[in-house]
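Structure record follows, encoded as structure tokens.
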Amino acid sequence: MLGAWPVEQKKGGDPGIDGTILFRDDPKASKAEQIVTQVGGGTTGVKDVRDLRGVLDREKAAMGVLISLQPPMRDMVAEAVSTGFYEHKTIQQKYPRLQLRTVKELMEGEAVERPSNVAALDETFKKAPESRKKLGHQKEFGL
């Protein structure tokens, strides 16, 4: 639904990231920006929003999305809003840094506010470069 790439989990504690979306907002930057996604199971609360905010800071992520089954409570929305905005480096457009979405909203087509493919180079599913075809003949194996 989001086009996020799942994060490989290693043994140990939960790092708080269920998926990532990579994009470049500056073609000259050596490292892509990331949007981290976190899926809240069961009931979610303001603690989950604060935890994701900590993950954004720890991972130096541009943005984050918390996906839950139930609509967010007022204190969750207030915490997400207090996180501020991410400003695109090229087009200077602002996006909410931490966004709350329900599964229902995503299923109904409500998107995450993020730099579009026009404004940014989406690298989540980066294609491998095409191989160069060698012209000539294949050697025969004398079998």
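Each chain of the structure tokens is named A, B, ... in the order shown, its residues numbered from 1; ligands are numbered from 1 in display order.
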
**Study point:** Contact residues around Ile67 in chain A with only C-alpha atoms at 12 Å, ignoring same-chain residues under 3 positions, as a PyMOL selection string
**Key:** chain A and resi 1-2+17-19+36-45+48-49+52+64+70-72+98-107+111-112

Point to revise | Proximity to Ala80 in chain A - best of A:Glu108, A:Asp26, A:Glu59, A:Asp51, only C-alpha atoms | key: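 Counting only C-alpha atoms, the residue closest to Ala80 in chain A is A:Asp51.
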
Check your understanding: What's the 8 Å shell around range 82-85 of chain A, counting only C-alpha atoms, without same-chain residues fewer than 3 positions away, as a ChimeraX atom specification?
Key -> /A:53,78-79,94-98

**Study point:** Shortest interatomic distance to Glu33 in chain A - which of A:Val46, A:Val55, A:Ile91, A:Met63, counting only C-alpha atoms
**Key:**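 That would be A:Met63, the residue with the smallest distance to Glu33 in chain A.
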
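Our summary of the geometry notes that CA of Asp25 in chain A is positioned 14.9 Å from CA of Lys60 in chain A.
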
Study note, to complete from the structure: Pairwise distance, CA of Ile35 in chain A with CA of Val65 in chain A, equals 7.4 Å

**Study point:** Given only C-alpha atoms as the counted atoms, nearest of A:Ser68, A:Ala62, A:Pro27, A:Lys47 to Arg114 in chain A
**Key:**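 Once distances to Arg114 in chain A are computed over only C-alpha atoms, the minimum belongs to A:Ala62.
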
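Between CA of Gly54 in chain A and CA of Leu66 in chain A there is a distance of 12.6 Å.
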